[in-house]
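Shown below: run.txt, with compact mmCIF, C-alpha atoms (C1' of nucleotides).
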```
# COMPACT_ATOMS: atom_id res chain seq x y z
CA MET A 53 -17.56 126.42 76.00
CA THR A 54 -21.12 126.51 77.32
CA SER A 55 -23.87 124.45 75.77
CA LEU A 56 -25.34 127.51 74.18
CA GLN A 57 -22.03 128.49 72.66
CA LEU A 58 -21.71 124.99 71.29
CA LEU A 59 -25.17 125.23 69.73
CA ARG A 60 -24.32 128.59 68.29
CA SER A 61 -21.11 127.40 66.74
CA ASN A 62 -22.95 124.41 65.31
CA ILE A 63 -25.47 126.69 63.65
CA SER A 64 -22.76 129.08 62.46
CA GLU A 65 -21.09 126.28 60.54
CA LYS A 66 -24.03 126.30 58.15
CA VAL A 67 -25.66 129.73 58.29
CA PRO A 68 -24.72 133.18 59.62
CA ILE A 69 -26.49 134.00 62.85
CA THR A 70 -26.69 137.18 64.91
CA ASP A 71 -26.76 137.66 68.69
CA ALA A 72 -30.37 138.78 68.51
CA GLU A 73 -31.35 135.70 66.55
CA MET A 74 -29.55 133.41 68.96
CA GLU A 75 -31.43 135.11 71.75
CA LEU A 76 -34.74 134.34 70.07
CA ILE A 77 -33.80 130.77 69.26
CA SER A 78 -32.50 129.89 72.68
CA LYS A 79 -35.82 130.70 74.29
CA TYR A 80 -37.38 127.72 72.54
CA PHE A 81 -34.81 125.14 73.44
CA ARG A 82 -35.18 123.26 76.71
CA THR A 83 -32.36 121.42 78.40
CA LYS A 84 -32.77 117.74 79.08
CA SER A 85 -30.52 115.27 80.88
CA ILE A 86 -30.53 111.61 80.00
CA LYS A 87 -28.69 109.18 82.21
CA LYS A 88 -26.67 106.35 80.74
CA LYS A 89 -28.91 103.52 79.44
CA LYS A 90 -32.00 105.70 79.77
CA ASP A 91 -34.23 106.48 76.81
CA PHE A 92 -34.72 109.75 75.05
CA ASN A 93 -37.34 108.07 72.88
CA ARG A 94 -39.07 104.69 72.97
CA ILE A 95 -40.30 102.53 70.13
CA GLY A 96 -44.01 103.07 69.62
CA GLU A 97 -44.02 106.56 71.10
CA VAL A 98 -44.17 109.71 69.05
CA CYS A 99 -40.79 111.44 68.96
CA LYS A 100 -41.90 114.79 70.35
CA ASP A 101 -38.52 116.47 70.47
CA PHE A 102 -35.57 116.92 68.22
CA ALA A 103 -32.30 117.16 70.11
CA PHE A 104 -28.91 118.78 69.95
CA VAL A 105 -26.28 116.92 71.95
CA CYS A 106 -24.33 119.30 74.21
CA LYS A 107 -22.56 116.57 76.09
CA GLY A 108 -22.55 112.80 76.08
CA PHE A 109 -23.38 110.25 73.51
CA LEU A 110 -26.54 108.55 72.21
CA ARG A 111 -27.61 105.86 69.81
CA SER A 112 -30.73 105.35 67.79
CA TYR A 113 -31.78 101.80 67.00
CA SER A 114 -34.65 99.72 65.70
CA ILE A 115 -35.55 96.13 66.52
CA ASP A 116 -36.26 93.63 63.76
CA GLU A 117 -38.78 90.76 63.74
CA LYS A 118 -36.25 88.42 65.33
CA GLY A 119 -35.71 90.85 68.18
CA VAL A 120 -32.26 91.93 67.04
CA GLU A 121 -31.26 95.56 67.55
CA HIS A 122 -29.86 97.57 64.65
CA ILE A 123 -28.14 100.84 65.41
CA SER A 124 -29.07 103.35 62.77
CA ARG A 125 -27.38 106.42 64.15
CA ILE A 126 -24.89 107.61 66.68
CA ALA A 127 -24.73 111.14 68.03
CA PHE A 128 -21.90 112.76 69.98
CA GLU A 129 -21.53 116.27 71.29
CA ASN A 130 -22.29 118.74 68.53
CA TYR A 131 -24.59 116.34 66.68
CA TRP A 132 -28.36 116.31 66.31
CA ILE A 133 -30.59 113.35 66.97
CA GLY A 134 -34.24 112.41 66.85
CA ASP A 135 -36.57 110.28 64.78
CA LEU A 136 -37.29 112.75 62.02
CA TYR A 137 -40.07 110.70 60.51
CA SER A 138 -42.00 110.48 63.74
CA PHE A 139 -41.12 114.05 64.69
CA PHE A 140 -42.48 115.54 61.47
CA THR A 141 -45.44 113.23 60.88
CA GLY A 142 -46.57 112.59 64.45
CA GLU A 143 -46.59 108.84 63.74
CA PRO A 144 -45.28 106.46 66.43
CA SER A 145 -41.56 105.92 66.17
CA GLU A 146 -39.92 102.70 65.03
CA TYR A 147 -36.66 103.77 66.61
CA ALA A 148 -35.51 103.93 70.19
CA ILE A 149 -33.00 106.58 71.21
CA GLU A 150 -30.90 105.82 74.24
CA ALA A 151 -27.99 107.48 76.02
CA ILE A 152 -24.76 105.48 75.90
CA GLU A 153 -23.19 107.91 78.34
CA ASP A 154 -24.85 110.45 80.64
CA SER A 155 -25.95 113.15 78.22
CA GLU A 156 -27.01 116.76 78.18
CA LEU A 157 -29.34 117.84 75.39
CA PHE A 158 -31.00 120.92 74.02
CA VAL A 159 -34.37 119.81 72.79
CA ILE A 160 -37.04 121.49 70.73
CA SER A 161 -40.63 120.50 70.05
CA PHE A 162 -42.26 120.44 66.64
CA TYR A 163 -44.39 123.48 67.41
CA ASP A 164 -41.56 125.49 68.86
CA LEU A 165 -39.47 124.69 65.83
CA ASP A 166 -42.23 126.15 63.68
CA ARG A 167 -42.09 129.32 65.75
CA ILE A 168 -38.35 129.51 65.26
CA TYR A 169 -38.86 129.29 61.50
CA LEU A 170 -41.24 132.23 61.75
CA GLU A 171 -39.06 134.38 63.96
CA VAL A 172 -35.69 133.40 62.50
CA PRO A 173 -36.25 132.36 58.90
CA ILE A 174 -32.58 131.54 58.33
CA MET A 175 -33.10 128.51 60.56
CA GLU A 176 -35.16 126.93 57.84
CA ARG A 177 -32.01 127.01 55.77
CA PHE A 178 -29.96 125.65 58.62
CA PHE A 179 -32.15 122.60 58.99
CA ARG A 180 -32.34 122.11 55.26
CA LYS A 181 -28.56 121.86 55.19
CA LEU A 182 -28.49 119.63 58.23
CA PHE A 183 -30.91 117.20 56.61
CA VAL A 184 -29.06 117.19 53.30
CA ASN A 185 -25.92 116.19 55.19
CA ALA A 186 -27.76 113.46 57.04
CA TYR A 187 -29.15 112.16 53.77
CA VAL A 188 -25.81 112.23 51.98
CA SER A 189 -23.97 110.42 54.73
CA THR A 190 -26.67 107.77 55.05
CA LEU A 191 -26.57 107.15 51.32
CA HIS A 192 -22.84 106.73 51.65
CA ARG A 193 -23.27 104.22 54.44
CA LEU A 194 -25.83 102.29 52.41
CA ASN A 195 -23.42 102.19 49.51
CA SER A 196 -20.57 100.95 51.61
CA THR A 197 -22.79 98.31 53.23
CA VAL A 198 -23.68 96.71 49.91
CA SER A 199 -20.33 97.13 48.18
CA GLU A 200 -17.64 96.64 50.79
CA PRO A 201 -16.69 93.57 52.83
CA VAL A 202 -16.92 93.80 56.61
CA GLU A 203 -13.21 94.42 57.07
CA VAL A 204 -13.14 97.47 54.83
CA ARG A 205 -16.20 98.93 56.52
CA TYR A 206 -14.65 98.46 59.93
CA LYS A 207 -11.39 100.08 58.93
CA ASN A 208 -13.04 103.03 57.27
CA LEU A 209 -15.04 103.72 60.38
CA LEU A 210 -11.94 103.40 62.50
CA LYS A 211 -10.21 105.92 60.27
CA SER A 212 -13.05 108.42 60.16
CA HIS A 213 -14.19 108.12 63.79
CA PRO A 214 -11.38 106.79 65.96
CA ASP A 215 -13.00 108.46 69.00
CA LEU A 216 -16.00 106.19 68.63
CA PHE A 217 -13.96 103.13 69.48
CA GLN A 218 -12.96 104.49 72.86
CA ARG A 219 -16.47 105.22 73.95
CA MET A 220 -18.68 102.59 72.44
CA PRO A 221 -18.75 98.85 73.18
CA LEU A 222 -17.80 96.54 70.36
CA ASN A 223 -21.24 95.06 69.92
CA TYR A 224 -22.64 98.53 69.23
CA ILE A 225 -19.95 99.19 66.68
CA ALA A 226 -20.82 95.88 65.04
CA SER A 227 -24.49 96.73 64.96
CA TYR A 228 -23.83 100.17 63.52
CA LEU A 229 -21.70 98.60 60.81
CA GLY A 230 -24.31 95.95 60.07
CA MET A 231 -22.25 92.97 61.15
CA THR A 232 -21.87 90.67 64.18
CA PRO A 233 -19.69 91.35 67.24
CA GLU A 234 -17.77 88.17 66.39
CA SER A 235 -16.82 89.59 63.02
CA VAL A 236 -15.57 92.80 64.58
CA SER A 237 -13.57 90.87 67.12
CA ARG A 238 -11.94 88.79 64.40
CA ILE A 239 -11.10 91.78 62.26
CA ARG A 240 -9.61 93.48 65.26
CA LYS A 241 -7.42 90.49 66.07
CA LYS A 242 -5.53 90.82 62.82
CA ARG A 243 -3.52 93.75 64.16
CA MET B 246 -51.19 117.49 32.95
CA THR B 247 -48.37 119.72 31.73
CA SER B 248 -44.89 119.49 33.21
CA LEU B 249 -45.41 122.73 35.04
CA GLN B 250 -48.67 121.50 36.54
CA LEU B 251 -46.88 118.37 37.67
CA LEU B 252 -44.16 120.43 39.32
CA ARG B 253 -46.74 122.59 40.98
CA SER B 254 -48.68 119.66 42.34
CA ASN B 255 -45.43 118.17 43.61
CA ILE B 256 -44.64 121.36 45.50
CA SER B 257 -48.20 121.68 46.79
CA GLU B 258 -47.92 118.29 48.45
CA LYS B 259 -45.50 119.81 50.92
CA VAL B 260 -46.12 123.56 51.05
CA PRO B 261 -48.90 125.93 49.95
CA ILE B 262 -47.97 127.84 46.83
CA THR B 263 -49.67 130.72 44.98
CA ASP B 264 -49.96 131.43 41.26
CA ALA B 265 -47.62 134.38 41.62
CA GLU B 266 -45.02 132.29 43.39
CA MET B 267 -45.23 129.55 40.77
CA GLU B 268 -44.71 132.22 38.15
CA LEU B 269 -41.51 133.36 39.86
CA ILE B 270 -40.24 129.87 40.40
CA SER B 271 -40.88 128.63 36.91
CA LYS B 272 -38.63 131.30 35.42
CA TYR B 273 -35.63 129.64 37.00
CA PHE B 274 -36.25 126.13 35.86
CA ARG B 275 -34.95 125.05 32.48
CA THR B 276 -36.23 122.05 30.57
CA LYS B 277 -33.82 119.33 29.67
CA SER B 278 -34.27 116.15 27.64
CA ILE B 279 -32.15 113.10 28.26
CA LYS B 280 -32.31 110.24 25.83
CA LYS B 281 -32.30 106.68 27.05
CA LYS B 282 -28.84 105.56 28.19
CA LYS B 283 -27.54 109.13 28.11
CA ASP B 284 -26.11 110.80 31.18
CA PHE B 285 -27.55 113.63 33.17
CA ASN B 286 -24.41 113.59 35.29
CA ARG B 287 -21.06 111.83 34.99
CA ILE B 288 -18.77 110.56 37.72
CA GLY B 289 -16.02 113.08 38.36
CA GLU B 290 -18.04 116.04 37.14
CA VAL B 291 -19.69 118.56 39.40
CA CYS B 292 -23.44 118.03 39.51
CA LYS B 293 -24.47 121.50 38.39
CA ASP B 294 -28.21 120.95 38.32
CA PHE B 295 -30.85 119.46 40.51
CA ALA B 296 -33.69 117.94 38.56
CA PHE B 297 -37.41 117.30 38.75
CA VAL B 298 -38.52 114.42 36.56
CA CYS B 299 -41.52 115.42 34.43
CA LYS B 300 -41.44 112.32 32.29
CA GLY B 301 -39.30 109.23 32.06
CA PHE B 302 -37.11 107.44 34.45
CA LEU B 303 -33.53 107.76 35.71
CA ARG B 304 -31.07 106.00 37.94
CA SER B 305 -28.17 107.23 40.00
CA TYR B 306 -25.27 104.86 40.57
CA SER B 307 -21.71 104.72 41.80
CA ILE B 308 -18.93 102.36 40.75
CA ASP B 309 -16.86 100.51 43.34
CA GLU B 310 -13.15 99.59 43.22
CA LYS B 311 -13.94 96.36 41.42
CA GLY B 312 -15.81 98.24 38.72
CA VAL B 313 -19.24 97.08 39.85
CA GLU B 314 -22.15 99.51 39.57
CA HIS B 315 -24.38 100.14 42.58
CA ILE B 316 -27.68 101.88 41.99
CA SER B 317 -28.31 104.27 44.83
CA ARG B 318 -31.45 105.91 43.63
CA ILE B 319 -34.25 105.64 41.12
CA ALA B 320 -36.42 108.54 40.03
CA PHE B 321 -39.69 108.40 38.11
CA GLU B 322 -42.03 111.15 37.05
CA ASN B 323 -42.78 113.41 39.98
CA TYR B 324 -39.49 112.62 41.72
CA TRP B 325 -36.37 114.72 42.18
CA ILE B 326 -32.86 113.61 41.37
CA GLY B 327 -29.33 114.93 41.52
CA ASP B 328 -26.16 114.37 43.50
CA LEU B 329 -26.93 116.61 46.44
CA TYR B 330 -23.45 116.41 47.87
CA SER B 331 -21.80 117.56 44.69
CA PHE B 332 -24.57 120.05 43.97
CA PHE B 333 -24.25 121.80 47.31
CA THR B 334 -20.50 121.58 47.83
CA GLY B 335 -19.27 121.96 44.27
CA GLU B 336 -17.10 118.85 44.69
CA PRO B 337 -16.87 116.35 41.82
CA SER B 338 -19.61 113.76 41.95
CA GLU B 339 -19.09 110.11 42.80
CA TYR B 340 -22.39 109.24 41.22
CA ALA B 341 -23.50 108.97 37.64
CA ILE B 342 -27.09 109.77 36.74
CA GLU B 343 -28.43 108.16 33.62
CA ALA B 344 -31.80 107.99 31.87
CA ILE B 345 -33.28 104.50 31.78
CA GLU B 346 -36.02 105.78 29.45
CA ASP B 347 -36.17 108.96 27.37
CA SER B 348 -36.76 111.61 30.02
CA GLU B 349 -37.95 115.18 30.35
CA LEU B 350 -36.61 117.18 33.25
CA PHE B 351 -37.00 120.55 34.89
CA VAL B 352 -33.56 121.49 36.12
CA ILE B 353 -32.30 124.23 38.37
CA SER B 354 -28.77 125.42 39.06
CA PHE B 355 -27.33 126.05 42.50
CA TYR B 356 -27.35 129.81 41.99
CA ASP B 357 -30.86 129.95 40.63
CA LEU B 358 -32.05 127.87 43.55
CA ASP B 359 -30.59 130.50 45.85
CA ARG B 360 -32.54 133.14 44.01
CA ILE B 361 -35.71 131.13 44.41
CA TYR B 362 -35.11 130.99 48.15
CA LEU B 363 -34.83 134.77 48.18
CA GLU B 364 -37.88 135.43 46.08
CA VAL B 365 -40.06 132.61 47.37
CA PRO B 366 -38.96 131.80 50.92
CA ILE B 367 -41.47 129.00 51.33
CA MET B 368 -39.35 126.98 48.90
CA GLU B 369 -36.72 126.66 51.57
CA ARG B 370 -39.31 124.78 53.57
CA PHE B 371 -40.26 122.71 50.56
CA PHE B 372 -36.73 121.49 50.03
CA ARG B 373 -36.22 120.91 53.71
CA LYS B 374 -39.18 118.56 53.68
CA LEU B 375 -38.02 116.93 50.48
CA PHE B 376 -34.61 116.19 52.00
CA VAL B 377 -36.05 114.90 55.25
CA ASN B 378 -38.11 112.43 53.24
CA ALA B 379 -35.07 111.37 51.24
CA TYR B 380 -33.13 110.89 54.45
CA VAL B 381 -35.85 108.90 56.17
CA SER B 382 -36.39 106.57 53.24
CA THR B 383 -32.67 105.96 52.80
CA LEU B 384 -32.31 105.12 56.48
CA HIS B 385 -35.14 102.68 56.03
CA ARG B 386 -33.41 101.08 53.08
CA LEU B 387 -30.16 100.81 55.02
CA ASN B 388 -32.02 99.14 57.85
CA SER B 389 -33.69 96.65 55.59
CA THR B 390 -30.41 95.88 53.83
CA VAL B 391 -28.70 94.84 57.04
CA SER B 392 -31.64 93.13 58.71
CA GLU B 393 -33.66 91.39 56.01
CA PRO B 394 -32.72 88.49 53.72
CA VAL B 395 -32.74 89.11 49.97
CA GLU B 396 -36.13 87.50 49.44
CA VAL B 397 -37.89 89.78 51.89
CA ARG B 398 -36.24 92.85 50.40
CA TYR B 399 -37.29 91.83 46.93
CA LYS B 400 -40.90 91.21 47.93
CA ASN B 401 -41.20 94.44 49.85
CA LEU B 402 -39.98 96.38 46.85
CA LEU B 403 -42.39 94.50 44.61
CA LYS B 404 -45.22 95.40 46.96
CA SER B 405 -44.31 99.07 47.32
CA HIS B 406 -43.26 99.75 43.72
CA PRO B 407 -44.82 97.20 41.36
CA ASP B 408 -44.51 99.69 38.49
CA LEU B 409 -40.73 99.53 38.82
CA PHE B 410 -40.66 95.92 37.68
CA GLN B 411 -42.31 96.71 34.39
CA ARG B 412 -39.88 99.42 33.45
CA MET B 413 -36.54 98.40 34.85
CA PRO B 414 -34.35 95.45 33.86
CA LEU B 415 -33.78 92.82 36.49
CA ASN B 416 -30.10 93.54 36.93
CA TYR B 417 -30.91 97.13 37.88
CA ILE B 418 -33.45 95.95 40.42
CA ALA B 419 -30.82 93.61 41.83
CA SER B 420 -28.30 96.41 42.05
CA TYR B 421 -30.78 98.73 43.71
CA LEU B 422 -31.58 96.03 46.26
CA GLY B 423 -27.91 95.31 46.87
CA MET B 424 -27.89 91.76 45.52
CA THR B 425 -26.94 89.89 42.33
CA PRO B 426 -29.17 89.44 39.27
CA GLU B 427 -28.91 85.68 39.83
CA SER B 428 -30.45 86.04 43.26
CA VAL B 429 -33.34 88.06 41.90
CA SER B 430 -33.90 85.55 39.15
CA ARG B 431 -34.02 82.71 41.68
CA ILE B 432 -36.41 84.51 43.99
CA ARG B 433 -38.65 85.27 41.07
CA LYS B 434 -38.70 81.65 39.96
CA LYS B 435 -40.40 80.52 43.14
CA ARG B 436 -43.78 81.79 41.95
C1' DC C 272 -16.97 88.65 95.80
C1' DG C 273 -20.99 86.77 92.61
C1' DG C 274 -23.38 87.89 88.70
C1' DT C 275 -24.09 90.15 84.53
C1' DC C 276 -22.29 92.04 80.54
C1' DT C 277 -18.49 92.25 77.13
C1' DC C 278 -15.21 90.16 74.32
C1' DT C 279 -12.65 86.27 72.25
C1' DT C 280 -12.12 81.97 69.99
C1' DG C 281 -13.40 77.79 67.54
C1' DA C 282 -16.26 74.78 64.72
C1' DC C 283 -19.91 74.62 61.64
C1' DG C 284 -23.41 75.81 58.33
C1' DG C 285 -25.83 78.28 55.04
C1' DA C 286 -27.40 82.32 52.48
C1' DG C 287 -25.99 84.39 48.76
C1' DT C 288 -22.09 85.24 45.46
C1' DT C 289 -19.19 83.85 41.71
C1' DC C 290 -18.36 81.71 37.49
C1' DA C 291 -19.85 79.71 33.35
C1' DA C 292 -22.83 78.47 29.75
C1' DA C 293 -26.88 78.56 27.28
C1' DG C 294 -31.58 80.40 26.10
C1' DC C 295 -34.19 84.37 25.27
C1' DT C 296 -35.41 89.13 23.73
C1' DA C 297 -35.25 93.30 21.49
C1' DG C 298 -33.08 96.61 18.85
C1' DT C 299 -30.47 97.61 14.49
C1' DG C 300 -29.15 97.84 10.03
C1' DG C 301 -28.88 95.68 5.60
C1' DC D 231 -38.79 92.34 7.19
C1' DC D 232 -35.61 89.32 8.46
C1' DA D 233 -31.00 88.18 10.36
C1' DC D 234 -27.75 89.19 13.60
C1' DT D 235 -25.87 90.79 17.61
C1' DA D 236 -25.69 92.54 22.15
C1' DG D 237 -27.71 92.63 26.28
C1' DC D 238 -30.86 90.46 29.50
C1' DT D 239 -32.28 86.39 32.01
C1' DT D 240 -32.10 81.73 33.60
C1' DT D 241 -29.94 77.76 35.45
C1' DG D 242 -26.49 74.87 37.60
C1' DA D 243 -22.43 73.93 40.35
C1' DA D 244 -18.89 75.31 43.40
C1' DC D 245 -17.33 78.23 46.73
C1' DT D 246 -16.84 81.65 50.44
C1' DC D 247 -17.74 85.07 53.46
C1' DC D 248 -19.90 85.81 57.35
C1' DG D 249 -23.39 84.55 60.61
C1' DT D 250 -24.78 81.19 64.14
C1' DC D 251 -24.00 78.61 68.12
C1' DA D 252 -21.43 77.53 72.05
C1' DA D 253 -18.15 77.94 75.59
C1' DG D 254 -14.93 80.23 78.21
C1' DA D 255 -12.12 84.32 79.72
C1' DG D 256 -12.08 88.81 81.27
C1' DA D 257 -14.04 93.16 83.09
C1' DC D 258 -17.03 95.87 85.57
C1' DC D 259 -20.46 97.01 89.08
C1' DG D 260 -23.63 96.58 92.86
```

Target encoding structure tokens, full file:
Amino acid sequence: MTSLQLLRSNISEKVPITDAEMELISKYFRTKSIKKKKDFNRIGEVCKDFAFVCKGFLRSYSIDEKGVEHISRIAFENYWIGDLYSFFTGEPSEYAIEAIEDSELFVISFYDLDRIYLEVPIMERFFRKLFVNAYVSTLHRLNSTVSEPVEVRYKNLLKSHPDLFQRMPLNYIASYLGMTPESVSRIRKKR
Amino acid sequence: MTSLQLLRSNISEKVPITDAEMELISKYFRTKSIKKKKDFNRIGEVCKDFAFVCKGFLRSYSIDEKGVEHISRIAFENYWIGDLYSFFTGEPSEYAIEAIEDSELFVISFYDLDRIYLEVPIMERFFRKLFVNAYVSTLHRLNSTVSEPVEVRYKNLLKSHPDLFQRMPLNYIASYLGMTPESVSRIRKKR
DNA sequence: CGGTCTCTTGACGGAGTTCAAAGCTAGTGG
DNA sequence: CCACTAGCTTTGAACTCCGTCAAGAGACCG
């Protein structure tokens, strides 16, 4: 499956899309490669592009007052990533986005996205659905963070995203789950 | 300001809207009154309507395995509320939505919302923006929950929403912040 | 290889929860 | 309009989960 086919299938999951529309859309996306450990976005910079992950694996994280990183999002192939707040408002981003593995992206700028909305109105619906999903899953994560002990959170993640554990170091998993690497290690020890 | 004017101004914050469009839109909204302590939505039921709060004050909460409530969202006048997951998928809701004060709502069903999109396409953009905002602020809350101690979280909420503290009992504030009422009481005691 | 990064393990401490009891407040009905 | 009750809030004491700190083992890469 080519990157474009992957993008198309991702869109088709939420809205119907024709060949002609895909043609129009694809003109506005640029490809971008990010090497492992390199940044797609830095803290303090405006997040100029919103990205679809064709290949690879990225994380988005913020840094608190004590200098500790907190991973807020993880994006595999077939996921979207970007700092939406910065992207839509033009304010400097509070999140860094970094490739965990060498990654291939389709990226789109704010202005080009606006043109897509004009030329292919159904895309407005697509992104609406995408953002609802992001909102719903984040609310779920928030809920589980305040109501479930570390062990339950770890096991639920393991159940829902076993693939994650093969590709991401333990300290990232800990950070994503809002706990320490030591806690993850101890949970893991008990079988 | 009438309820309809409030709705209009809420929409205008995000997208331009004409008199004619408002006319079309308003036909699809129904008014609904919810008395204090009464439910707008119950756990296990499909959330059939999405609501704009004209007057009053509601909370959305889930209940964990131990039977403890966790407030996931609070909506005043000029806010929107509903279980978006259930609303869009038709699955039973895991959240209850209850009026904290007597409330007046404008509600819209899933099907009528679809009609609005057809008749007033700009509304698709409106809701896209609404959901991006909801997503961004929830991510922010998640971040603060894992990185900041209870006292900081309490004070930040007090700073950003002082009005909340006049209208909502302390145990709800605690639940919304992901801590116990005792903790809130103790934080409050220190001046 | 040598050095850096990742992971494990142990001991300790503390932030925040749990449990319990009592004071306070507000709503209700007689 | 007052008395009563239920819910809200405070306070104290004990506990516990999980984070912190530290040290060492293993793994990976230049």

*Given a cut-off of 9 Å, which residues of chain A touch chain C, counting all atoms listed in the file, written out as a ChimeraX atom specification?*
/A:221-223,233-234,237-238

Suppose we keep C-alpha atoms; can you now write the selection as an mmCIF file, in the frame of the given file?
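Contents of result-v5.cif, as written:
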```cif
data_model
loop_
_atom_site.group_PDB
_atom_site.id
_atom_site.type_symbol
_atom_site.label_atom_id
_atom_site.label_comp_id
_atom_site.auth_asym_id
_atom_site.auth_seq_id
_atom_site.Cartn_x
_atom_site.Cartn_y
_atom_site.Cartn_z
ATOM 1 C CA PRO A 221 -18.750 98.850 73.180
ATOM 2 C CA LEU A 222 -17.800 96.540 70.360
ATOM 3 C CA ASN A 223 -21.240 95.060 69.920
ATOM 4 C CA PRO A 233 -19.690 91.350 67.240
ATOM 5 C CA GLU A 234 -17.770 88.170 66.390
ATOM 6 C CA SER A 237 -13.570 90.870 67.120
ATOM 7 C CA ARG A 238 -11.940 88.790 64.400
#
```

_From the options A:Ser124, A:Ser145, A:Asn93, A:Gln218, which residue's atoms come nearest to Tyr380 of chain B, counting all atoms listed in the file?_
A:Ser124

*Do you have the atom CA of Pro366 of chain B-atom CA of Ile353 of chain B distance handy?*
16.1 Å

*Identify every residue of chain D that has at least one atom within 9 Å of any atom of chain A, counting only C-alpha atoms (C1' of nucleotides), and report the result as an MDAnalysis selection string.*
chainID D and resid 247:249

Can I get the selected residues back with C-alpha atoms (C1' of nucleotides), as an mmCIF file, keeping the file's coordinate frame?
```
data_model
loop_
_atom_site.group_PDB
_atom_site.id
_atom_site.type_symbol
_atom_site.label_atom_id
_atom_site.label_comp_id
_atom_site.auth_asym_id
_atom_site.auth_seq_id
_atom_site.Cartn_x
_atom_site.Cartn_y
_atom_site.Cartn_z
ATOM 1 C "C1'" DC D 247 -17.740 85.070 53.460
ATOM 2 C "C1'" DC D 248 -19.900 85.810 57.350
ATOM 3 C "C1'" DG D 249 -23.390 84.550 60.610
#
```

For the contact check between chain A and chain B, emit one row per residue of chain A within 7 Å, containing the shortest atom pair and the distance in Å rounded to one decimal, counting all atoms listed in the file, chain then rising number order, as a Markdown table.
```
| residue | atom | partner | partner_atom | distance |
| --- | --- | --- | --- | --- |
| A:Asp116 | CA | B:Ser392 | CA | 6.9 |
| A:Tyr137 | CA | B:Val381 | CA | 6.3 |
| A:Glu176 | CA | B:Arg370 | CA | 6.3 |
| A:Arg177 | CA | B:Glu369 | CA | 6.3 |
| A:Phe179 | CA | B:Arg373 | CA | 6.9 |
| A:Arg180 | CA | B:Arg373 | CA | 4.3 |
| A:Phe183 | CA | B:Val377 | CA | 5.8 |
| A:Val184 | CA | B:Phe376 | CA | 5.8 |
| A:Ala186 | CA | B:Tyr380 | CA | 6.5 |
| A:Tyr187 | CA | B:Tyr380 | CA | 4.2 |
| A:Val188 | CA | B:Tyr330 | CA | 6.3 |
| A:Thr190 | CA | B:Leu384 | CA | 6.4 |
| A:Leu191 | CA | B:Thr383 | CA | 6.4 |
| A:Leu194 | CA | B:Leu387 | CA | 5.3 |
| A:Val198 | CA | B:Gly423 | CA | 5.4 |
| A:Ser199 | CA | B:Asp309 | CA | 6.8 |
| A:Gly230 | CA | B:Val391 | CA | 5.4 |
```

_For a test of reading the model, state the distance in Å between atom CA of Arg60 of chain A and atom CA of Val260 of chain B, rounded to one decimal._
28.2 Å

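Proximity to Phe102 of chain A was assessed for A:Leu58, A:Ala148, A:Ile77, A:Leu165 counting all atoms listed in the file; the smallest distance is recorded for A:Leu165.
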
_Gap from atom CA of Asp215 of chain A to atom CA of Phe81 of chain A - Å, one decimal_ =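 Here the two named atoms are 27.8 Å from each other.
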
*asked:* For Tyr324 of chain B, find every residue with an atom within 12 Å (counting all atoms listed in the file), except residues of its own chain fewer than 2 positions away, and show them as number ranges by chain.
replied: B: 251-252, 254-256, 295-304, 318-322, 326-327, 349-351, 375-376, 378-379

Please rebuild segment 102-111 of chain A with N, CA and C atoms and return the result as an mmCIF file, keeping the file's coordinate frame.
```
data_model
loop_
_atom_site.group_PDB
_atom_site.id
_atom_site.type_symbol
_atom_site.label_atom_id
_atom_site.label_comp_id
_atom_site.auth_asym_id
_atom_site.auth_seq_id
_atom_site.Cartn_x
_atom_site.Cartn_y
_atom_site.Cartn_z
ATOM 1 N N PHE A 102 -36.775 117.111 69.002
ATOM 2 C CA PHE A 102 -35.570 116.920 68.220
ATOM 3 C C PHE A 102 -34.440 117.497 69.083
ATOM 4 N N ALA A 103 -33.298 116.802 69.100
ATOM 5 C CA ALA A 103 -32.300 117.160 70.110
ATOM 6 C C ALA A 103 -30.924 117.487 69.556
ATOM 7 N N PHE A 104 -30.306 118.453 70.202
ATOM 8 C CA PHE A 104 -28.910 118.780 69.950
ATOM 9 C C PHE A 104 -28.104 118.268 71.136
ATOM 10 N N VAL A 105 -27.060 117.519 70.853
ATOM 11 C CA VAL A 105 -26.280 116.920 71.950
ATOM 12 C C VAL A 105 -25.189 117.879 72.416
ATOM 13 N N CYS A 106 -25.322 118.385 73.639
ATOM 14 C CA CYS A 106 -24.330 119.300 74.210
ATOM 15 C C CYS A 106 -23.179 118.510 74.821
ATOM 16 N N LYS A 107 -23.538 117.358 75.354
ATOM 17 C CA LYS A 107 -22.560 116.570 76.090
ATOM 18 C C LYS A 107 -23.074 115.142 76.122
ATOM 19 N N GLY A 108 -22.144 114.191 76.002
ATOM 20 C CA GLY A 108 -22.550 112.800 76.080
ATOM 21 C C GLY A 108 -22.587 112.125 74.730
ATOM 22 N N PHE A 109 -23.546 111.203 74.572
ATOM 23 C CA PHE A 109 -23.380 110.250 73.510
ATOM 24 C C PHE A 109 -24.638 109.374 73.448
ATOM 25 N N LEU A 110 -25.317 109.350 72.313
ATOM 26 C CA LEU A 110 -26.540 108.550 72.210
ATOM 27 C C LEU A 110 -26.546 107.678 70.968
ATOM 28 N N ARG A 111 -27.434 106.693 70.985
ATOM 29 C CA ARG A 111 -27.610 105.860 69.810
ATOM 30 C C ARG A 111 -29.089 105.744 69.498
#
```
